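The file work.txt contains compact mmCIF, C-alpha atoms:
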# COMPACT_ATOMS: atom_id res chain seq x y z
CA MET A 6 -16.96 -16.54 -5.77
CA GLN A 7 -15.58 -20.03 -6.26
CA ASN A 8 -14.93 -19.56 -9.99
CA ALA A 9 -13.83 -15.91 -9.84
CA ALA A 10 -10.81 -15.17 -12.02
CA ILE A 11 -7.45 -15.79 -10.35
CA ALA A 12 -3.96 -14.95 -11.56
CA ALA A 13 -0.37 -15.76 -10.66
CA ILE A 14 3.13 -16.06 -12.06
CA SER A 15 3.38 -19.73 -13.02
CA THR A 16 7.10 -19.91 -13.78
CA ALA A 17 9.97 -19.95 -11.29
CA GLN A 18 10.68 -16.81 -9.29
CA ALA A 19 14.01 -16.33 -11.01
CA PRO A 20 15.20 -14.52 -14.16
CA GLY A 21 14.65 -16.44 -17.39
CA GLY A 22 14.09 -16.07 -21.09
CA ILE A 23 10.32 -16.42 -20.75
CA GLY A 24 7.92 -16.03 -17.83
CA VAL A 25 4.29 -17.13 -17.79
CA ILE A 26 1.37 -15.45 -16.05
CA ARG A 27 -1.80 -17.53 -15.89
CA LEU A 28 -5.39 -16.35 -15.47
CA SER A 29 -8.24 -18.77 -14.88
CA GLY A 30 -11.90 -18.42 -14.08
CA GLU A 31 -15.01 -16.51 -15.00
CA GLY A 32 -14.24 -13.47 -17.13
CA ALA A 33 -10.57 -14.34 -17.64
CA PRO A 34 -10.55 -13.35 -21.36
CA GLN A 35 -12.30 -10.04 -20.63
CA ILE A 36 -9.87 -9.21 -17.81
CA ALA A 37 -6.94 -10.13 -20.06
CA ASP A 38 -8.24 -7.80 -22.79
CA ARG A 39 -8.03 -4.87 -20.34
CA VAL A 40 -4.26 -5.20 -20.23
CA PHE A 41 -3.50 -6.84 -23.62
CA VAL A 42 -3.56 -4.93 -26.90
CA SER A 43 -3.15 -6.77 -30.21
CA ARG A 44 -3.73 -5.96 -33.85
CA MET A 45 -4.84 -9.58 -34.24
CA GLY A 46 -8.05 -8.99 -32.27
CA THR A 47 -9.30 -9.55 -28.73
CA LEU A 48 -8.93 -12.58 -26.53
CA GLU A 49 -12.65 -12.62 -25.77
CA GLN A 50 -13.40 -13.15 -29.48
CA ALA A 51 -10.48 -15.48 -30.16
CA PRO A 52 -11.30 -19.20 -30.46
CA GLY A 53 -9.77 -21.65 -28.06
CA TYR A 54 -6.14 -22.72 -28.49
CA THR A 55 -5.27 -19.49 -30.30
CA ALA A 56 -2.11 -17.45 -29.78
CA LEU A 57 -2.14 -13.66 -30.23
CA TYR A 58 0.90 -11.38 -30.27
CA GLY A 59 0.63 -7.94 -28.68
CA LYS A 60 1.67 -5.73 -25.81
CA ILE A 61 0.81 -5.56 -22.12
CA VAL A 62 -0.23 -2.17 -20.77
CA ASP A 63 -1.13 -0.95 -17.29
CA GLU A 64 -4.30 0.93 -16.31
CA ASN A 65 -2.74 4.18 -17.55
CA GLY A 66 -1.89 2.74 -20.96
CA GLU A 67 1.85 2.51 -20.26
CA LYS A 68 3.52 -0.36 -22.10
CA LEU A 69 4.92 -2.95 -19.71
CA ASP A 70 6.11 -5.65 -22.11
CA GLU A 71 5.53 -7.51 -25.35
CA ALA A 72 3.80 -10.86 -24.94
CA VAL A 73 2.15 -13.82 -26.59
CA ALA A 74 -1.31 -14.54 -25.18
CA LEU A 75 -2.80 -18.05 -25.33
CA ARG A 76 -6.56 -18.56 -25.04
CA PHE A 77 -8.07 -21.81 -23.69
CA CYS A 78 -11.84 -22.29 -23.53
CA ALA A 79 -13.74 -24.12 -20.81
CA PRO A 80 -14.00 -27.01 -20.27
CA HIS A 81 -11.00 -27.96 -22.39
CA SER A 82 -8.27 -26.40 -20.30
CA PHE A 83 -6.03 -27.45 -17.41
CA THR A 84 -8.46 -26.07 -14.82
CA GLY A 85 -11.63 -26.78 -16.78
CA GLU A 86 -12.30 -23.01 -16.85
CA ASP A 87 -11.59 -20.21 -19.32
CA VAL A 88 -7.84 -19.68 -19.17
CA VAL A 89 -5.44 -17.08 -20.59
CA GLU A 90 -1.67 -17.39 -20.35
CA PHE A 91 0.70 -14.50 -21.05
CA SER A 92 4.21 -15.48 -22.14
CA CYS A 93 6.34 -12.44 -21.36
CA HIS A 94 10.04 -11.72 -21.03
CA GLY A 95 11.28 -13.55 -17.93
CA GLY A 96 12.62 -10.66 -15.87
CA LEU A 97 11.24 -10.66 -12.33
CA VAL A 98 10.40 -6.96 -12.34
CA ILE A 99 8.56 -7.26 -15.67
CA LEU A 100 6.55 -10.28 -14.46
CA GLN A 101 5.61 -8.60 -11.21
CA ARG A 102 4.47 -5.44 -13.03
CA VAL A 103 2.39 -7.47 -15.52
CA LEU A 104 0.81 -9.47 -12.68
CA ALA A 105 0.01 -6.23 -10.83
CA ALA A 106 -1.73 -4.92 -13.97
CA VAL A 107 -3.76 -8.12 -14.32
CA LEU A 108 -4.83 -7.94 -10.66
CA ALA A 109 -5.76 -4.27 -11.05
CA ALA A 110 -7.89 -5.27 -14.07
CA GLY A 111 -10.10 -7.50 -11.93
CA ALA A 112 -8.40 -10.80 -11.11
CA ARG A 113 -7.47 -11.82 -7.59
CA PRO A 114 -4.19 -13.45 -6.53
CA ALA A 115 -4.21 -17.24 -6.77
CA GLY A 116 -3.51 -19.21 -3.60
CA PRO A 117 -1.06 -22.11 -3.33
CA GLY A 118 -2.08 -24.83 -5.78
CA GLU A 119 -5.33 -23.09 -6.62
CA PHE A 120 -5.13 -23.76 -10.37
CA THR A 121 -4.64 -27.48 -9.76
CA ARG A 122 -7.31 -27.45 -7.07
CA ARG A 123 -9.79 -26.05 -9.56
CA ALA A 124 -8.79 -28.80 -12.00
CA PHE A 125 -9.55 -31.34 -9.26
CA CYS A 126 -12.87 -29.72 -8.32
CA ASN A 127 -13.88 -29.55 -11.98
CA GLY A 128 -13.24 -33.26 -12.48
CA LYS A 129 -10.15 -32.86 -14.66
CA MET A 130 -8.13 -35.14 -12.35
CA ASP A 131 -8.48 -37.01 -9.09
CA LEU A 132 -6.53 -36.25 -5.93
CA THR A 133 -3.67 -38.65 -6.67
CA GLU A 134 -3.19 -37.11 -10.12
CA ALA A 135 -3.23 -33.64 -8.56
CA GLU A 136 -0.62 -34.62 -5.98
CA ALA A 137 1.58 -35.94 -8.78
CA VAL A 138 1.83 -32.39 -10.16
CA MET A 139 4.03 -31.28 -7.27
CA GLN A 140 6.01 -34.52 -7.49
CA MET A 141 6.76 -33.68 -11.13
CA ILE A 142 7.97 -30.23 -10.16
CA SER A 143 10.18 -31.43 -7.30
CA ALA A 144 11.55 -34.60 -8.97
CA ARG A 145 15.35 -34.81 -8.66
CA GLY A 146 15.99 -37.89 -10.77
CA THR A 147 14.77 -39.59 -13.93
CA GLN A 148 12.97 -42.39 -12.08
CA ALA A 149 11.30 -39.91 -9.70
CA ALA A 150 10.15 -37.83 -12.68
CA ARG A 151 8.86 -40.95 -14.44
CA ALA A 152 6.94 -42.00 -11.34
CA ALA A 153 5.37 -38.56 -11.01
CA LEU A 154 4.42 -38.43 -14.69
CA SER A 155 2.86 -41.89 -14.47
CA GLY A 156 0.91 -40.75 -11.41
CA HIS A 157 -0.32 -37.67 -13.23
CA ASP A 158 -1.37 -39.85 -16.16
CA GLY A 159 -3.50 -41.93 -13.78
CA ALA A 160 -1.32 -45.00 -13.17
CA LEU A 161 -1.96 -44.97 -9.41
CA SER A 162 -5.65 -44.18 -9.93
CA ARG A 163 -6.02 -47.19 -12.21
CA ARG A 164 -4.22 -49.43 -9.74
CA ILE A 165 -6.44 -48.23 -6.89
CA GLY A 166 -9.48 -48.62 -9.15
CA GLY A 167 -8.68 -52.28 -9.74
CA ILE A 168 -8.44 -52.96 -6.00
CA ARG A 169 -11.61 -51.03 -5.30
CA GLN A 170 -13.52 -52.87 -8.02
CA ARG A 171 -12.64 -56.20 -6.42
CA LEU A 172 -13.82 -54.95 -3.03
CA LEU A 173 -17.03 -53.59 -4.54
CA GLU A 174 -17.71 -56.98 -6.09
CA VAL A 175 -17.43 -58.57 -2.64
CA ALA A 176 -19.59 -55.84 -1.09
CA SER A 177 -22.28 -56.19 -3.77
CA HIS A 178 -22.51 -59.96 -3.24
CA LEU A 179 -22.80 -59.44 0.51
CA ALA A 180 -25.44 -56.72 0.10
CA ALA A 181 -27.55 -58.76 -2.35
CA TRP A 182 -27.47 -61.81 -0.11
CA ALA A 183 -28.38 -59.75 2.99
CA ASP A 184 -31.13 -57.64 1.38
CA TYR A 185 -32.89 -60.41 -0.56
CA PRO A 186 -32.51 -63.60 1.50
CA ASP A 187 -35.68 -65.14 0.03
CA ASP A 188 -34.77 -64.57 -3.61
CA ASP A 189 -32.90 -67.01 -5.79
CA ILE A 190 -29.46 -65.47 -5.15
CA PRO A 191 -26.44 -67.74 -4.76
CA GLN A 192 -25.15 -67.86 -1.21
CA VAL A 193 -21.91 -66.02 -0.53
CA THR A 194 -19.41 -68.73 0.30
CA ASP A 195 -16.44 -68.50 2.65
CA ASP A 196 -14.17 -69.63 -0.18
CA PHE A 197 -15.32 -66.74 -2.38
CA LEU A 198 -14.73 -64.21 0.40
CA LYS A 199 -11.36 -65.66 1.42
CA GLU A 200 -10.06 -65.77 -2.14
CA ASN A 201 -10.99 -62.17 -2.93
CA LEU A 202 -9.97 -60.68 0.43
CA CYS A 203 -6.63 -62.49 0.27
CA ALA A 204 -6.00 -61.18 -3.25
CA VAL A 205 -6.83 -57.62 -2.16
CA GLN A 206 -4.60 -57.96 0.89
CA GLN A 207 -1.63 -58.98 -1.29
CA GLU A 208 -2.24 -56.14 -3.75
CA LEU A 209 -2.39 -53.59 -0.91
CA GLN A 210 0.78 -54.94 0.69
CA GLN A 211 2.58 -54.64 -2.63
CA LEU A 212 1.23 -51.12 -3.09
CA LEU A 213 2.40 -50.08 0.37
CA TRP A 214 5.83 -51.48 -0.40
CA THR A 215 6.11 -49.00 -3.28
CA PHE A 216 5.95 -46.10 -0.83
CA ASP A 217 9.21 -46.97 0.91
CA ALA A 218 10.97 -47.99 -2.30
CA GLY A 219 9.70 -44.89 -4.10
CA ARG A 220 10.75 -42.61 -1.23
CA VAL A 221 14.36 -43.40 -2.08
CA LEU A 222 13.83 -41.96 -5.57
CA ARG A 223 11.81 -38.97 -4.36
CA GLU A 224 13.55 -37.84 -1.20
CA GLY A 225 16.93 -39.54 -1.24
CA VAL A 226 18.48 -41.56 1.54
CA ASP A 227 20.71 -40.71 4.51
CA THR A 228 23.98 -42.46 3.70
CA VAL A 229 27.08 -42.83 5.84
CA ILE A 230 30.53 -43.79 4.56
CA VAL A 231 32.37 -45.77 7.22
CA GLY A 232 35.52 -47.81 7.46
CA ARG A 233 38.84 -47.98 9.21
CA PRO A 234 41.25 -45.05 8.81
CA ASN A 235 42.88 -44.67 5.38
CA ALA A 236 40.55 -47.16 3.66
CA GLY A 237 39.63 -44.49 1.09
CA LYS A 238 36.42 -43.08 2.55
CA SER A 239 37.29 -39.47 1.77
CA THR A 240 38.47 -40.38 -1.74
CA LEU A 241 35.11 -42.08 -2.32
CA MET A 242 33.31 -39.03 -0.93
CA ASN A 243 35.22 -36.77 -3.32
CA ARG A 244 34.55 -39.12 -6.24
CA LEU A 245 30.80 -39.10 -5.52
CA THR A 246 30.58 -35.34 -5.06
CA GLY A 247 32.92 -34.50 -7.93
CA THR A 248 34.83 -32.07 -5.68
CA GLN A 249 37.60 -32.12 -3.11
CA ARG A 250 35.03 -32.11 -0.34
CA SER A 251 37.10 -34.17 2.11
CA ILE A 252 40.80 -33.86 2.84
CA VAL A 253 42.75 -36.85 1.53
CA THR A 254 46.21 -37.78 2.82
CA GLU A 255 48.13 -40.95 3.54
CA ILE A 256 48.01 -40.10 7.25
CA ALA A 257 45.45 -42.20 9.12
CA GLY A 258 42.89 -40.17 11.04
CA THR A 259 42.92 -37.13 8.74
CA THR A 260 39.11 -36.86 8.85
CA ARG A 261 38.27 -35.72 12.38
CA ASP A 262 34.64 -34.65 11.91
CA VAL A 263 31.64 -35.64 9.80
CA VAL A 264 31.71 -34.09 6.31
CA GLU A 265 28.25 -33.90 4.71
CA GLU A 266 27.09 -33.37 1.13
CA THR A 267 24.08 -34.23 -1.05
CA VAL A 268 24.80 -35.89 -4.40
CA GLN A 269 22.81 -37.41 -7.24
CA LEU A 270 24.17 -40.86 -8.01
CA GLY A 271 22.37 -41.90 -11.16
CA GLN A 272 18.73 -42.40 -10.15
CA VAL A 273 19.32 -42.01 -6.40
CA LEU A 274 19.81 -38.92 -4.24
CA LEU A 275 22.31 -39.61 -1.46
CA ARG A 276 22.68 -37.40 1.60
CA LEU A 277 26.27 -38.41 2.25
CA SER A 278 28.26 -38.26 5.46
CA ASP A 279 32.00 -38.96 5.34
CA THR A 280 33.03 -39.96 8.84
CA ALA A 281 36.17 -40.38 10.86
CA GLY A 282 37.61 -43.88 10.83
CA ILE A 283 35.91 -45.99 13.49
CA ARG A 284 38.72 -47.14 15.79
CA ASP A 285 39.98 -46.84 19.34
CA THR A 286 42.15 -43.76 19.73
CA ASP A 287 43.78 -41.68 22.48
CA ASP A 288 43.60 -38.49 20.42
CA PRO A 289 40.86 -36.40 22.13
CA VAL A 290 39.86 -34.61 18.88
CA GLU A 291 39.75 -37.80 16.81
CA LYS A 292 37.83 -39.49 19.63
CA ILE A 293 35.03 -36.91 19.23
CA GLY A 294 34.99 -37.59 15.48
CA VAL A 295 34.76 -41.34 16.05
CA GLN A 296 31.84 -40.82 18.44
CA ARG A 297 30.03 -38.71 15.84
CA ALA A 298 30.76 -41.38 13.23
CA ARG A 299 29.10 -43.99 15.44
CA GLU A 300 26.05 -41.73 15.89
CA LYS A 301 25.74 -41.23 12.13
CA PHE A 302 26.14 -44.97 11.66
CA SER A 303 23.25 -45.75 13.98
CA GLN A 304 20.94 -43.23 12.24
CA ALA A 305 21.85 -44.05 8.64
CA GLU A 306 19.37 -45.53 6.15
CA LEU A 307 22.24 -46.83 4.01
CA ILE A 308 25.79 -47.74 4.99
CA LEU A 309 28.72 -47.78 2.58
CA MET A 310 31.41 -49.87 4.32
CA VAL A 311 34.79 -49.18 2.77
CA PHE A 312 37.56 -51.78 2.91
CA ASP A 313 41.15 -51.45 1.69
CA ALA A 314 41.81 -54.21 -0.85
CA SER A 315 45.57 -53.71 -0.44
CA GLN A 316 45.43 -54.56 3.28
CA GLU A 317 44.49 -57.69 5.18
CA LEU A 318 41.26 -57.56 7.18
CA ASN A 319 41.72 -56.55 10.80
CA ASP A 320 39.52 -56.53 13.91
CA GLU A 321 38.12 -53.09 13.06
CA ASP A 322 36.92 -54.37 9.67
CA ARG A 323 35.30 -57.42 11.22
CA GLN A 324 33.68 -55.31 13.95
CA LEU A 325 32.26 -53.01 11.27
CA MET A 326 30.70 -55.94 9.41
CA ALA A 327 29.18 -57.20 12.65
CA MET A 328 27.73 -53.74 13.39
CA SER A 329 26.17 -53.59 9.91
CA GLU A 330 24.25 -56.83 10.16
CA GLY A 331 20.53 -56.22 9.68
CA LYS A 332 21.09 -52.73 8.24
CA PRO A 333 20.93 -51.81 4.52
CA HIS A 334 24.59 -51.74 3.51
CA VAL A 335 27.04 -52.23 0.67
CA ALA A 336 30.54 -53.58 1.20
CA VAL A 337 32.79 -51.35 -0.93
CA VAL A 338 36.16 -52.98 -1.51
CA ASN A 339 38.39 -50.05 -2.53
CA LYS A 340 41.89 -49.72 -4.01
CA THR A 341 41.43 -52.63 -6.40
CA ASP A 342 44.14 -51.03 -8.56
CA LEU A 343 46.73 -52.00 -5.92
CA CYS A 344 48.19 -55.38 -5.02
CA GLU A 345 45.34 -57.35 -3.46
CA LYS A 346 45.75 -58.72 0.08
CA ILE A 347 42.17 -58.65 1.38
CA ASP A 348 40.27 -61.86 2.16
CA LYS A 349 37.51 -61.71 -0.46
CA LYS A 350 35.93 -64.98 0.61
CA TYR A 351 35.40 -63.71 4.15
CA ILE A 352 33.77 -60.49 2.93
CA GLU A 353 31.56 -62.39 0.49
CA SER A 354 30.47 -64.77 3.25
CA LYS A 355 29.37 -61.85 5.46
CA ASN A 356 27.82 -59.46 2.94
CA GLN A 357 25.15 -59.88 0.27
CA HIS A 358 25.89 -56.62 -1.57
CA ILE A 359 29.54 -56.14 -2.58
CA VAL A 360 31.30 -53.98 -5.16
CA TYR A 361 34.95 -53.71 -6.09
CA ILE A 362 36.11 -50.22 -7.00
CA SER A 363 39.00 -47.84 -7.28
CA ALA A 364 37.77 -44.54 -5.87
CA GLN A 365 40.99 -42.97 -7.12
CA SER A 366 40.39 -43.85 -10.80
CA GLY A 367 36.59 -44.13 -10.73
CA GLU A 368 36.55 -47.76 -11.79
CA GLY A 369 33.48 -49.64 -10.51
CA MET A 370 31.35 -46.56 -9.71
CA GLN A 371 28.57 -47.65 -12.06
CA GLN A 372 28.43 -51.01 -10.31
CA LEU A 373 28.20 -49.17 -6.99
CA GLU A 374 25.16 -47.25 -8.25
CA GLN A 375 23.42 -50.45 -9.33
CA GLU A 376 24.19 -52.19 -6.04
CA ILE A 377 22.79 -49.25 -4.06
CA LEU A 378 19.56 -49.50 -6.08
CA ARG A 379 19.39 -53.21 -5.32
CA VAL A 380 19.99 -52.92 -1.57
CA LEU A 381 17.33 -50.20 -1.33
CA HIS A 382 14.94 -52.30 -3.50
CA ALA A 383 14.58 -49.37 -5.88
CA ALA A 384 15.79 -51.57 -8.75
CA GLU A 385 12.64 -53.69 -8.34
CA LEU A 386 10.35 -50.67 -8.61
CA ASN A 387 8.43 -49.98 -11.80
CA PRO A 388 7.16 -46.38 -11.53
CA GLY A 389 4.97 -46.88 -14.59
CA GLU A 390 2.74 -49.28 -12.65
CA GLY A 391 1.66 -46.59 -10.17
CA ILE A 392 3.21 -46.01 -6.75
CA LEU A 393 2.27 -44.26 -3.52
CA TYR A 394 4.20 -41.02 -3.20
CA THR A 395 2.70 -39.05 -0.29
CA GLU A 396 2.20 -39.84 3.38
CA ARG A 397 -1.52 -39.15 2.98
CA GLN A 398 -1.79 -41.84 0.31
CA ARG A 399 0.19 -44.29 2.44
CA GLN A 400 -2.11 -43.73 5.42
CA ASP A 401 -5.27 -44.26 3.36
CA ALA A 402 -3.83 -47.44 1.83
CA SER A 403 -2.86 -48.62 5.33
CA HIS A 404 -6.39 -47.97 6.61
CA CYS A 405 -7.76 -49.97 3.69
CA LEU A 406 -5.41 -52.86 4.45
CA SER A 407 -6.40 -52.80 8.14
CA ALA A 408 -10.09 -52.94 7.20
CA VAL A 409 -9.46 -55.88 4.84
CA GLU A 410 -7.58 -57.73 7.58
CA GLU A 411 -10.46 -57.03 9.98
CA ALA A 412 -12.85 -58.54 7.44
CA GLN A 413 -10.62 -61.62 7.18
CA GLY A 414 -10.49 -61.85 10.98
CA ALA A 415 -14.27 -61.62 11.25
CA LEU A 416 -14.65 -64.36 8.66
CA GLN A 417 -12.13 -66.67 10.34
CA SER A 418 -13.63 -66.19 13.80
CA GLY A 419 -17.10 -67.17 12.57
CA MET A 420 -18.74 -63.76 13.00
CA THR A 421 -21.82 -62.89 10.97
CA LEU A 422 -21.46 -61.67 7.41
CA ASP A 423 -22.75 -58.28 8.59
CA ALA A 424 -19.44 -57.78 10.41
CA VAL A 425 -17.53 -58.70 7.26
CA THR A 426 -19.64 -56.25 5.28
CA VAL A 427 -18.85 -53.35 7.65
CA SER A 428 -15.12 -53.93 7.27
CA VAL A 429 -15.29 -54.28 3.48
CA GLU A 430 -17.24 -51.02 3.22
CA ALA A 431 -14.64 -49.31 5.44
CA ALA A 432 -11.92 -50.54 3.06
CA VAL A 433 -13.79 -49.09 0.07
CA ASP A 434 -14.23 -45.75 1.91
CA ALA A 435 -10.47 -45.57 2.53
CA LEU A 436 -9.77 -45.96 -1.19
CA LEU A 437 -12.39 -43.35 -2.07
CA GLU A 438 -10.65 -40.92 0.27
CA LEU A 439 -7.30 -41.79 -1.30
CA THR A 440 -8.50 -40.78 -4.77
CA GLY A 441 -10.44 -37.81 -3.39
CA GLU A 442 -13.91 -39.05 -4.35
CA ARG A 443 -14.92 -38.98 -0.69
CA ALA A 444 -12.23 -36.77 0.82
CA THR A 445 -13.17 -34.12 3.36
CA THR A 446 -12.59 -30.44 2.74
CA ALA A 447 -9.89 -30.51 5.41
CA VAL A 448 -8.01 -33.26 3.54
CA VAL A 449 -8.24 -31.37 0.24
CA ASP A 450 -7.09 -28.15 1.95
CA GLU A 451 -4.09 -29.97 3.41
CA VAL A 452 -3.11 -31.45 0.04
CA PHE A 453 -3.10 -28.13 -1.80
CA ALA A 454 -1.51 -26.17 1.04
CA HIS A 455 1.80 -27.78 0.05
CA PHE A 456 1.61 -26.56 -3.57
CA CYS A 457 3.48 -23.57 -4.90
CA VAL A 458 1.60 -20.44 -5.98
CA GLY A 459 1.07 -20.47 -9.74
CA LYS A 460 0.40 -24.21 -9.96
Could you rewrite the structure in this file as C-alpha cells?
Amino acid sequence: MQNAAIAAISTAQAPGGIGVIRLSGEGAPQIADRVFVSRMGTLEQAPGYTALYGKIVDENGEKLDEAVALRFCAPHSFTGEDVVEFSCHGGLVILQRVLAAVLAAGARPAGPGEFTRRAFCNGKMDLTEAEAVMQMISARGTQAARAALSGHDGALSRRIGGIRQRLLEVASHLAAWADYPDDDIPQVTDDFLKENLCAVQQELQQLLWTFDAGRVLREGVDTVIVGRPNAGKSTLMNRLTGTQRSIVTEIAGTTRDVVEETVQLGQVLLRLSDTAGIRDTDDPVEKIGVQRAREKFSQAELILMVFDASQELNDEDRQLMAMSEGKPHVAVVNKTDLCEKIDKKYIESKNQHIVYISAQSGEGMQQLEQEILRVLHAAELNPGEGILYTERQRQDASHCLSAVEEAQGALQSGMTLDAVTVSVEAAVDALLELTGERATTAVVDEVFAHFCVGK
C-alpha cells in the first residue's frame, strides 16, 4: 500500500547522545503503541504535537530503551501523514534493536528518501524543495547551507514561478487570439512577444549562471598551487590545510610529486594539489613531478600562481602567467615579509586577481579567500534569491531556455504564431517538470534514489 507505515533510523549511523527513529503512514500511532509503554497514556489517543515519556519493549516485553515519543497528526506533519518519532539513546545497537521491534510490530523498512517522497506526493513541498533537503544535509559551508535552506523554503520555486507566470501570460494571449479570431480580442503584437520572450530569456540565463557559481559552494573546486621552485607553494599548502602536509625546505625542488588535500577556506571547499615547481630539469624524478604538475595545471578549475616577492621575476614566472591566461586564477605574491624585489607593475598588468601574502605568518589569507570567491564569481551569488543546485534542475532550465530561443527564432523568421505557441508551451512544460508538477515517475524515482534512508 502506498501509505502503509514505514520506519527507519533518521539520525546518522554513528554513536551519539540521541538517536531518532521515525514512523510514518497509516496506523503509525497504533504500531508505535505496540512497542512503547508510558504511564502518560497511548500515542493513538495523544493529540498532535504531544511528547510522551516511556520505555521501548520488544515483542516479548523485554525493555530495550527509555525514549521520548512525539506524535504528529496528518496532515500537519513533515510527510503529511500520521507520524511518530522515538528519541532514544544514540547507541547503534540500541537503535537497531528498537527499529527491529518497530518493524516486527507492523511497519516496513523505509526506502531511500521515502519520507521526503511522501511529503512531495502529499503536496507538502515541490520537487525543488525536496531536493534541497539532501543539499541541507550535505552542505559543507555556510553559503551552501544557506542556499539549501532557501531552496527548501521555496526560493527557487518562487523564482521559477515568476518565469512561468510570464510565459503563461504569453501563452494565454496567443491561445485567446488563435481560438477566438472573430471576437473583440486585441491582436498579439510582435513587440509584446519580443519584450516578454527577451525578459524570460535573460531571467533563465541568469538562473543557469547560478548553477555553476553555486557548484563552487556545494561541491568545491579542483585547485592547483603552481609556481617556480621555492616560491612558497608548500608553505601555502600547509597554511591552508593547517598541517605540515608538504615538506618545506630552502632547497629548490623539494616537492617531487603532487600532494593533495581537501580544505575548507571560509565559504569555499578547495580540493588542493601542491605541485612540483614547473621548470626545466635534468633530474629524472623531479622531471616526472613537473610533468604531473603540468597535467594538474591543465585540468584545474582554479589556479593559485605563487610568486616570490623577494626575488625578481624570471622566465619561468612569465611563462606561468602566459599559461594561465583564460583560466580562472589568482596571482599570489608570497613572502611579503621579506625585502621586496618583484616587479609588481608587471604582475598587475598581467593579472586581474592578485593578493599579497606571507604564507609563513598567515598575513593576507583572508584577502586570498575573498579573491578566490571573486574569481569564481561566488561572491556575486545571493543564495537567498534561489539557485539551481542539481544537474536535473539545470537540464530542465536549459530545455526551457532552448524552447524560448526557438520561439524567438520563429518570431524573427516570420513563421506563424502557431509555431511560437508550440515553443512557448514547451518552455512551460520544462518548468513544470523542474518543479515536479509534470514530472514523470522515472524522474521522481531518480531524484529520491540519491537520498539517504531515514530522510
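Closest approach to Ala149 in chain A among A:Leu386, A:Met370, A:Ala110, A:Ala408: A:Leu386, based on all atoms listed in the file.
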Exercise. Looking at only C-alpha atoms, which of A:Ser354, A:Val42, A:Ala176, A:Ala364 is the one that sits closest to Thr246 in chain A?
Worked result: A:Ala364
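Relative to CA of Ala402 in chain A, CA of Asp434 in chain A is found at 10.5 Å.
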Problem set entry | Nearest to Arg244 in chain A, chosen from A:Pro388, A:Gly53, A:Gly367, A:Gly22, with all atoms listed in the file counted in the distances | A:Gly367
For this session: For range 98-105 of chain A, work out the shell of residues within 12 Å, counting all atoms listed in the file and skipping chain neighbours fewer than 3 positions away, then give it as a ChimeraX atom specification.
Result: /A:11-28,36-37,39-41,60-64,67-72,90-95,108-115,459
Output the selection as an mmCIF file, in the coordinates of the input - C-alpha atoms for each residue.
data_model
loop_
_atom_site.group_PDB
_atom_site.id
_atom_site.type_symbol
_atom_site.label_atom_id
_atom_site.label_comp_id
_atom_site.auth_asym_id
_atom_site.auth_seq_id
_atom_site.Cartn_x
_atom_site.Cartn_y
_atom_site.Cartn_z
ATOM 1 C CA ILE A 11 -7.450 -15.790 -10.350
ATOM 2 C CA ALA A 12 -3.960 -14.950 -11.560
ATOM 3 C CA ALA A 13 -0.370 -15.760 -10.660
ATOM 4 C CA ILE A 14 3.130 -16.060 -12.060
ATOM 5 C CA SER A 15 3.380 -19.730 -13.020
ATOM 6 C CA THR A 16 7.100 -19.910 -13.780
ATOM 7 C CA ALA A 17 9.970 -19.950 -11.290
ATOM 8 C CA GLN A 18 10.680 -16.810 -9.290
ATOM 9 C CA ALA A 19 14.010 -16.330 -11.010
ATOM 10 C CA PRO A 20 15.200 -14.520 -14.160
ATOM 11 C CA GLY A 21 14.650 -16.440 -17.390
ATOM 12 C CA GLY A 22 14.090 -16.070 -21.090
ATOM 13 C CA ILE A 23 10.320 -16.420 -20.750
ATOM 14 C CA GLY A 24 7.920 -16.030 -17.830
ATOM 15 C CA VAL A 25 4.290 -17.130 -17.790
ATOM 16 C CA ILE A 26 1.370 -15.450 -16.050
ATOM 17 C CA ARG A 27 -1.800 -17.530 -15.890
ATOM 18 C CA LEU A 28 -5.390 -16.350 -15.470
ATOM 19 C CA ILE A 36 -9.870 -9.210 -17.810
ATOM 20 C CA ALA A 37 -6.940 -10.130 -20.060
ATOM 21 C CA ARG A 39 -8.030 -4.870 -20.340
ATOM 22 C CA VAL A 40 -4.260 -5.200 -20.230
ATOM 23 C CA PHE A 41 -3.500 -6.840 -23.620
ATOM 24 C CA LYS A 60 1.670 -5.730 -25.810
ATOM 25 C CA ILE A 61 0.810 -5.560 -22.120
ATOM 26 C CA VAL A 62 -0.230 -2.170 -20.770
ATOM 27 C CA ASP A 63 -1.130 -0.950 -17.290
ATOM 28 C CA GLU A 64 -4.300 0.930 -16.310
ATOM 29 C CA GLU A 67 1.850 2.510 -20.260
ATOM 30 C CA LYS A 68 3.520 -0.360 -22.100
ATOM 31 C CA LEU A 69 4.920 -2.950 -19.710
ATOM 32 C CA ASP A 70 6.110 -5.650 -22.110
ATOM 33 C CA GLU A 71 5.530 -7.510 -25.350
ATOM 34 C CA ALA A 72 3.800 -10.860 -24.940
ATOM 35 C CA GLU A 90 -1.670 -17.390 -20.350
ATOM 36 C CA PHE A 91 0.700 -14.500 -21.050
ATOM 37 C CA SER A 92 4.210 -15.480 -22.140
ATOM 38 C CA CYS A 93 6.340 -12.440 -21.360
ATOM 39 C CA HIS A 94 10.040 -11.720 -21.030
ATOM 40 C CA GLY A 95 11.280 -13.550 -17.930
ATOM 41 C CA LEU A 108 -4.830 -7.940 -10.660
ATOM 42 C CA ALA A 109 -5.760 -4.270 -11.050
ATOM 43 C CA ALA A 110 -7.890 -5.270 -14.070
ATOM 44 C CA GLY A 111 -10.100 -7.500 -11.930
ATOM 45 C CA ALA A 112 -8.400 -10.800 -11.110
ATOM 46 C CA ARG A 113 -7.470 -11.820 -7.590
ATOM 47 C CA PRO A 114 -4.190 -13.450 -6.530
ATOM 48 C CA ALA A 115 -4.210 -17.240 -6.770
ATOM 49 C CA GLY A 459 1.070 -20.470 -9.740
#
For this session: Using all atoms listed in the file, pick whichever of A:Gly116, A:Pro52, A:Gly32, A:Gly167 has the shortest atom-to-atom distance to Gly391 in chain A.
Result: A:Gly167
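When all atoms listed in the file are used to measure the gap to Thr194 in chain A, the shortest distance among A:Gln35, A:Gly271, A:Glu86, A:Leu416 belongs to A:Leu416.
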Exercise. At a cut-off of 9 Å from (38.2, -43.0, -7.2) in the coordinates of the file, what residues are picked up using all atoms listed in the file, written as a PyMOL selection string?
Worked result: chain A and resi 237+240-245+339-340+362-370
